[in-house]
file start32.cif (mmCIF, C-alpha atoms)
data_coords
#
loop_
_atom_site.label_atom_id
_atom_site.label_comp_id
_atom_site.auth_asym_id
_atom_site.auth_seq_id
_atom_site.Cartn_x
_atom_site.Cartn_y
_atom_site.Cartn_z
CA MET G 15 250.58 -29.05 -197.16
CA ASN G 16 247.65 -27.96 -199.30
CA LYS G 17 245.33 -30.48 -197.57
CA LEU G 18 246.46 -29.14 -194.20
CA ASN G 19 245.49 -25.58 -195.20
CA VAL G 20 242.08 -26.72 -196.40
CA LEU G 21 241.54 -28.65 -193.17
CA LEU G 22 242.62 -25.66 -191.08
CA VAL G 23 240.22 -23.34 -192.96
CA ALA G 24 237.40 -25.86 -192.50
CA VAL G 25 238.04 -26.10 -188.74
CA VAL G 26 238.14 -22.28 -188.40
CA MET G 27 234.84 -21.99 -190.30
CA VAL G 28 233.17 -24.57 -188.06
CA PHE G 29 234.30 -22.75 -184.92
CA ALA G 30 233.32 -19.35 -186.35
CA THR G 31 229.87 -20.63 -187.29
CA GLY G 32 229.42 -22.18 -183.85
CA PHE G 33 230.48 -18.94 -182.16
CA ALA G 34 228.09 -16.85 -184.27
CA ASN G 35 225.20 -19.21 -183.53
CA ALA G 36 225.92 -19.11 -179.80
CA GLN G 37 225.26 -15.36 -179.60
CA LYS G 38 221.68 -14.39 -178.86
CA ILE G 39 220.65 -11.20 -180.60
CA ALA G 40 217.33 -9.36 -180.40
CA SER G 41 215.85 -6.08 -181.54
CA VAL G 42 213.57 -3.62 -179.77
CA ASP G 43 211.44 -0.92 -181.39
CA ILE G 44 212.14 1.85 -178.90
CA ASN G 45 209.95 4.37 -180.73
CA SER G 46 206.87 2.17 -180.35
CA ILE G 47 207.65 1.73 -176.65
CA PHE G 48 208.01 5.49 -176.17
CA THR G 49 204.69 6.20 -177.87
CA ALA G 50 202.91 3.53 -175.83
CA MET G 51 204.08 4.84 -172.47
CA PRO G 52 201.57 6.95 -170.51
CA GLU G 53 204.47 9.00 -169.10
CA MET G 54 205.39 10.05 -172.64
CA LYS G 55 201.79 11.01 -173.43
CA ALA G 56 201.66 13.09 -170.23
CA LEU G 57 204.97 14.77 -171.08
CA ASP G 58 203.75 15.61 -174.59
CA SER G 59 200.61 17.15 -173.09
CA GLN G 60 202.63 19.22 -170.61
CA LEU G 61 204.97 20.41 -173.35
CA GLN G 62 202.04 21.36 -175.58
CA THR G 63 200.47 23.37 -172.75
CA LEU G 64 203.77 25.11 -172.03
CA GLN G 65 204.34 25.87 -175.70
CA THR G 66 200.82 27.30 -176.08
CA ALA G 67 201.30 29.53 -173.03
CA LYS G 68 204.67 30.79 -174.28
CA GLN G 69 203.30 31.38 -177.77
CA THR G 70 200.32 33.32 -176.41
CA GLU G 71 202.63 35.56 -174.37
CA LEU G 72 204.92 36.15 -177.35
CA GLU G 73 201.97 37.01 -179.59
CA LYS G 74 200.67 39.45 -176.96
CA GLN G 75 204.07 41.14 -176.73
CA GLY G 76 204.39 41.18 -180.52
CA LYS G 77 200.98 42.80 -180.94
CA SER G 78 201.87 45.43 -178.33
CA LEU G 79 205.11 46.17 -180.20
CA GLN G 80 203.29 46.46 -183.53
CA ASP G 81 200.74 48.86 -182.05
CA LEU G 82 203.53 51.01 -180.60
CA MET G 83 205.40 51.02 -183.92
CA LYS G 84 202.26 52.08 -185.79
CA LYS G 85 201.65 54.86 -183.28
CA TYR G 86 205.22 56.10 -183.60
CA GLN G 87 205.07 55.97 -187.41
CA ASP G 88 201.83 57.95 -187.44
CA GLU G 89 203.28 60.57 -185.08
CA ALA G 90 206.74 60.72 -186.69
CA PRO G 91 206.04 63.65 -189.07
CA LYS G 92 204.88 65.77 -186.11
CA GLN G 93 207.89 64.97 -183.88
CA THR G 94 211.42 66.30 -183.81
CA GLN G 95 214.35 64.33 -185.20
CA ALA G 96 215.65 63.71 -181.66
CA ILE G 97 212.34 62.26 -180.46
CA ASN G 98 212.05 60.07 -183.57
CA GLU G 99 215.56 58.71 -183.02
CA GLN G 100 214.78 58.06 -179.35
CA ARG G 101 211.59 56.22 -180.33
CA SER G 102 213.47 54.22 -182.94
CA GLN G 103 215.97 53.11 -180.30
CA GLU G 104 213.09 52.22 -177.97
CA VAL G 105 211.45 50.10 -180.68
CA GLN G 106 214.75 48.38 -181.44
CA LYS G 107 215.21 47.59 -177.75
CA LEU G 108 211.68 46.15 -177.54
CA GLN G 109 212.34 44.03 -180.66
CA ASP G 110 215.53 42.72 -179.07
CA ASN G 111 213.64 41.91 -175.86
CA LEU G 112 210.99 40.06 -177.87
CA GLN G 113 213.68 38.03 -179.63
CA GLN G 114 215.26 37.20 -176.26
CA MET G 115 211.86 36.13 -174.93
CA TYR G 116 211.44 33.84 -177.95
CA SER G 117 214.87 32.29 -177.40
CA ALA G 118 214.19 31.85 -173.68
CA ALA G 119 210.85 30.18 -174.44
CA GLN G 120 212.50 27.72 -176.84
CA LYS G 121 215.18 26.97 -174.24
CA ASP G 122 212.57 26.44 -171.48
CA ILE G 123 210.61 24.01 -173.64
CA ALA G 124 213.76 22.07 -174.59
CA GLU G 125 214.90 21.87 -170.95
CA LYS G 126 211.46 20.70 -169.83
CA ARG G 127 211.46 18.03 -172.56
CA ASP G 128 214.96 16.83 -171.67
CA ALA G 129 214.13 16.71 -167.95
CA GLY G 130 210.93 14.78 -168.66
CA LEU G 131 212.59 12.32 -171.04
CA ALA G 132 215.41 11.33 -168.70
CA PRO G 133 213.33 9.21 -166.28
CA ILE G 134 211.35 7.68 -169.17
CA GLU G 135 214.55 6.68 -170.97
CA LYS G 136 215.95 5.22 -167.74
CA LYS G 137 212.79 3.20 -167.18
CA ILE G 138 212.93 1.80 -170.73
CA ASN G 139 216.64 1.01 -170.49
CA ASP G 140 216.13 -0.75 -167.16
CA ALA G 141 213.32 -2.84 -168.67
CA ILE G 142 215.45 -3.73 -171.71
CA THR G 143 218.30 -4.76 -169.41
CA LYS G 144 216.00 -6.92 -167.27
CA VAL G 145 214.37 -8.60 -170.31
CA SER G 146 217.76 -9.13 -171.97
CA LYS G 147 219.26 -10.77 -168.89
CA ALA G 148 216.19 -12.97 -168.40
CA ALA G 149 216.19 -14.11 -172.05
CA GLY G 150 219.99 -14.37 -172.27
CA TYR G 151 220.38 -11.83 -175.08
CA GLU G 152 223.94 -10.73 -175.62
CA PHE G 153 223.06 -7.89 -177.98
CA VAL G 154 219.88 -5.86 -178.41
CA PHE G 155 219.54 -3.42 -181.28
CA ASP G 156 217.07 -0.56 -181.67
CA ALA G 157 214.87 -1.62 -184.59
CA SER G 158 213.80 1.98 -185.23
CA SER G 159 217.40 3.10 -185.71
CA PRO G 160 218.85 3.47 -189.19
CA ALA G 161 222.00 1.74 -187.93
CA LEU G 162 220.18 -1.60 -187.94
CA VAL G 163 220.91 -3.10 -191.32
CA TYR G 164 219.35 -6.52 -190.95
CA LYS G 165 216.52 -7.66 -188.72
CA ALA G 166 215.71 -11.33 -188.61
CA GLY G 167 216.43 -12.06 -184.96
CA THR G 168 214.13 -12.16 -181.99
CA ASP G 169 212.01 -9.05 -181.39
CA ALA G 170 212.14 -8.23 -177.69
CA THR G 171 209.68 -5.30 -177.95
CA PRO G 172 206.68 -7.28 -176.62
CA ALA G 173 208.67 -8.52 -173.63
CA VAL G 174 209.89 -4.99 -172.80
CA LYS G 175 206.34 -3.60 -173.13
CA LYS G 176 205.11 -6.40 -170.84
CA GLU G 177 207.85 -5.56 -168.33
CA LEU G 178 206.68 -1.94 -168.36
CA GLY G 179 203.02 -2.98 -168.05
CA LEU G 180 202.11 -1.68 -171.52
CA LYS G 181 199.84 -3.24 -174.10
#
call {"tool": "encode", "arguments": {"input": "start32.cif", "output": "structure tokens"}}
result
Amino acid sequence: MNKLNVLLVAVVMVFATGFANAQKIASVDINSIFTAMPEMKALDSQLQTLQTAKQTELEKQGKSLQDLMKKYQDEAPKQTQAINEQRSQEVQKLQDNLQQMYSAAQKDIAEKRDAGLAPIEKKINDAITKVSKAAGYEFVFDASSPALVYKAGTDATPAVKKELGLK
């Protein structure tokens, strides 16, 4: 009975080893592909331009608010309590508007980035799928991801870059 158990374990190990060797696994460094793509460089440039424009507008509005606050502070001793309270409410409203403009600018930039990344990600995923099918890979891991614990398999990054026409 003991010999039968040993034989059974040996047979299971042989089949398990054969099954593991039959799987083709590769890794792809998606970050290097993203940075090499001209579409990503163009998107980064567009986002930088948008961010600069939004920042310039916010700084202009902020400077205007500061000037108004200084004016009101200088005039405060000469004004009535009612006028000073009204001006204080006006300044608070302008500060709130400035904060809303800042939030809207951040949201616009994020939406533009997400909209620009979607077709780039699709293009990369399509290329990975095509390369994987052509090479017979069953699994492809992102080499730039912290979830990849061990990397000794085939690196499919050059093939994906070639598929995308990148160097």
call {"tool": "resolve_selection", "arguments": {"input": "start32.cif", "expression": "the PyMOL selection byres ((chain G and resi 149-161) around 7)", "output": "count of residues only"}}
result
15
call {"tool": "atom_distance", "arguments": {"input": "start32.cif", "atom1": "CA of Glu89 in chain G", "atom2": "CA of Glu104 in chain G"}}
result
14.7 Å
call {"tool": "resolve_selection", "arguments": {"input": "start32.cif", "expression": "the PyMOL selection byres ((chain G and resi 58) around 12)", "output": "PyMOL selection string"}}
result
chain G and resi 48-49+51-57+59-65+123-124+126-128+130-131
call {"tool": "closest_residue", "arguments": {"input": "start32.cif", "among": "G:Ala170, G:Ile47, G:Leu180, G:Leu79", "to": "Gln113 in chain G", "atoms": "only C-alpha atoms"}}
result
G:Leu79
call {"tool": "atom_distance", "arguments": {"input": "start32.cif", "atom1": "CA of Glu125 in chain G", "atom2": "CA of Thr143 in chain G"}}
result
26.9 Å
call {"tool": "resolve_selection", "arguments": {"input": "start32.cif", "expression": "the PyMOL selection byres ((chain G and resi 105) around 12)", "output": "mmCIF file with C-alpha atoms, in the frame of the given file"}}
result
data_model
loop_
_atom_site.group_PDB
_atom_site.id
_atom_site.type_symbol
_atom_site.label_atom_id
_atom_site.label_comp_id
_atom_site.auth_asym_id
_atom_site.auth_seq_id
_atom_site.Cartn_x
_atom_site.Cartn_y
_atom_site.Cartn_z
ATOM 1 C CA GLY G 76 204.390 41.180 -180.520
ATOM 2 C CA SER G 78 201.870 45.430 -178.330
ATOM 3 C CA LEU G 79 205.110 46.170 -180.200
ATOM 4 C CA GLN G 80 203.290 46.460 -183.530
ATOM 5 C CA ASP G 81 200.740 48.860 -182.050
ATOM 6 C CA LEU G 82 203.530 51.010 -180.600
ATOM 7 C CA MET G 83 205.400 51.020 -183.920
ATOM 8 C CA LYS G 84 202.260 52.080 -185.790
ATOM 9 C CA LYS G 85 201.650 54.860 -183.280
ATOM 10 C CA TYR G 86 205.220 56.100 -183.600
ATOM 11 C CA GLN G 87 205.070 55.970 -187.410
ATOM 12 C CA ASN G 98 212.050 60.070 -183.570
ATOM 13 C CA GLU G 99 215.560 58.710 -183.020
ATOM 14 C CA GLN G 100 214.780 58.060 -179.350
ATOM 15 C CA ARG G 101 211.590 56.220 -180.330
ATOM 16 C CA SER G 102 213.470 54.220 -182.940
ATOM 17 C CA GLN G 103 215.970 53.110 -180.300
ATOM 18 C CA GLU G 104 213.090 52.220 -177.970
ATOM 19 C CA GLN G 106 214.750 48.380 -181.440
ATOM 20 C CA LYS G 107 215.210 47.590 -177.750
ATOM 21 C CA LEU G 108 211.680 46.150 -177.540
ATOM 22 C CA GLN G 109 212.340 44.030 -180.660
ATOM 23 C CA ASP G 110 215.530 42.720 -179.070
ATOM 24 C CA ASN G 111 213.640 41.910 -175.860
ATOM 25 C CA LEU G 112 210.990 40.060 -177.870
#
call {"tool": "atom_distance", "arguments": {"input": "start32.cif", "atom1": "CA of Asn139 in chain G", "atom2": "CA of Lys181 in chain G"}}
result
17.7 Å
call {"tool": "closest_residue", "arguments": {"input": "start32.cif", "among": "G:Gly179, G:Val174, G:Lys68, G:Thr94", "to": "Lys121 in chain G", "atoms": "all atoms listed in the file"}}
result
G:Lys68
call {"tool": "closest_residue", "arguments": {"input": "start32.cif", "among": "G:Ala90, G:Pro172, G:Ala67, G:Ala50", "to": "Asp122 in chain G", "atoms": "only C-alpha atoms"}}
result
G:Ala67
call {"tool": "closest_residue", "arguments": {"input": "start32.cif", "among": "G:Glu135, G:Ala173, G:Ile142, G:Gln114", "to": "Leu72 in chain G", "atoms": "all atoms listed in the file"}}
result
G:Gln114
call {"tool": "build_atoms", "arguments": {"input": "start32.cif", "residues": "range 149-163 of chain G", "atoms": "N, CA and C atoms", "output": "compact mmCIF listing (two decimals), in the frame of the given file"}}
result
# COMPACT_ATOMS: atom_id res chain seq x y z
N ALA G 149 216.24 -13.31 -170.82
CA ALA G 149 216.19 -14.11 -172.05
C ALA G 149 217.58 -14.54 -172.52
N GLY G 150 218.62 -14.00 -171.90
CA GLY G 150 219.99 -14.37 -172.27
C GLY G 150 220.48 -13.70 -173.54
N TYR G 151 219.92 -12.55 -173.89
CA TYR G 151 220.38 -11.83 -175.08
C TYR G 151 221.74 -11.20 -174.79
N GLU G 152 222.63 -11.35 -175.75
CA GLU G 152 223.94 -10.73 -175.62
C GLU G 152 223.95 -9.35 -176.25
N PHE G 153 223.15 -9.17 -177.29
CA PHE G 153 223.06 -7.89 -177.98
C PHE G 153 221.60 -7.58 -178.27
N VAL G 154 221.21 -6.33 -178.07
CA VAL G 154 219.88 -5.86 -178.41
C VAL G 154 220.04 -4.58 -179.22
N PHE G 155 219.45 -4.58 -180.40
CA PHE G 155 219.54 -3.42 -181.28
C PHE G 155 218.21 -2.68 -181.30
N ASP G 156 218.27 -1.37 -181.52
CA ASP G 156 217.07 -0.56 -181.67
C ASP G 156 216.58 -0.74 -183.11
N ALA G 157 215.42 -1.34 -183.26
CA ALA G 157 214.87 -1.62 -184.59
C ALA G 157 214.45 -0.36 -185.32
N SER G 158 214.22 0.72 -184.59
CA SER G 158 213.80 1.98 -185.23
C SER G 158 214.98 2.83 -185.65
N SER G 159 216.19 2.35 -185.38
CA SER G 159 217.40 3.10 -185.71
C SER G 159 217.86 2.76 -187.12
N PRO G 160 218.34 3.77 -187.85
CA PRO G 160 218.85 3.47 -189.19
C PRO G 160 220.15 2.67 -189.18
N ALA G 161 220.76 2.50 -188.02
CA ALA G 161 222.00 1.74 -187.93
C ALA G 161 221.75 0.24 -188.04
N LEU G 162 220.51 -0.19 -187.83
CA LEU G 162 220.18 -1.60 -187.94
C LEU G 162 220.03 -1.94 -189.41
N VAL G 163 220.90 -2.78 -189.90
CA VAL G 163 220.91 -3.10 -191.32
C VAL G 163 220.06 -4.33 -191.61
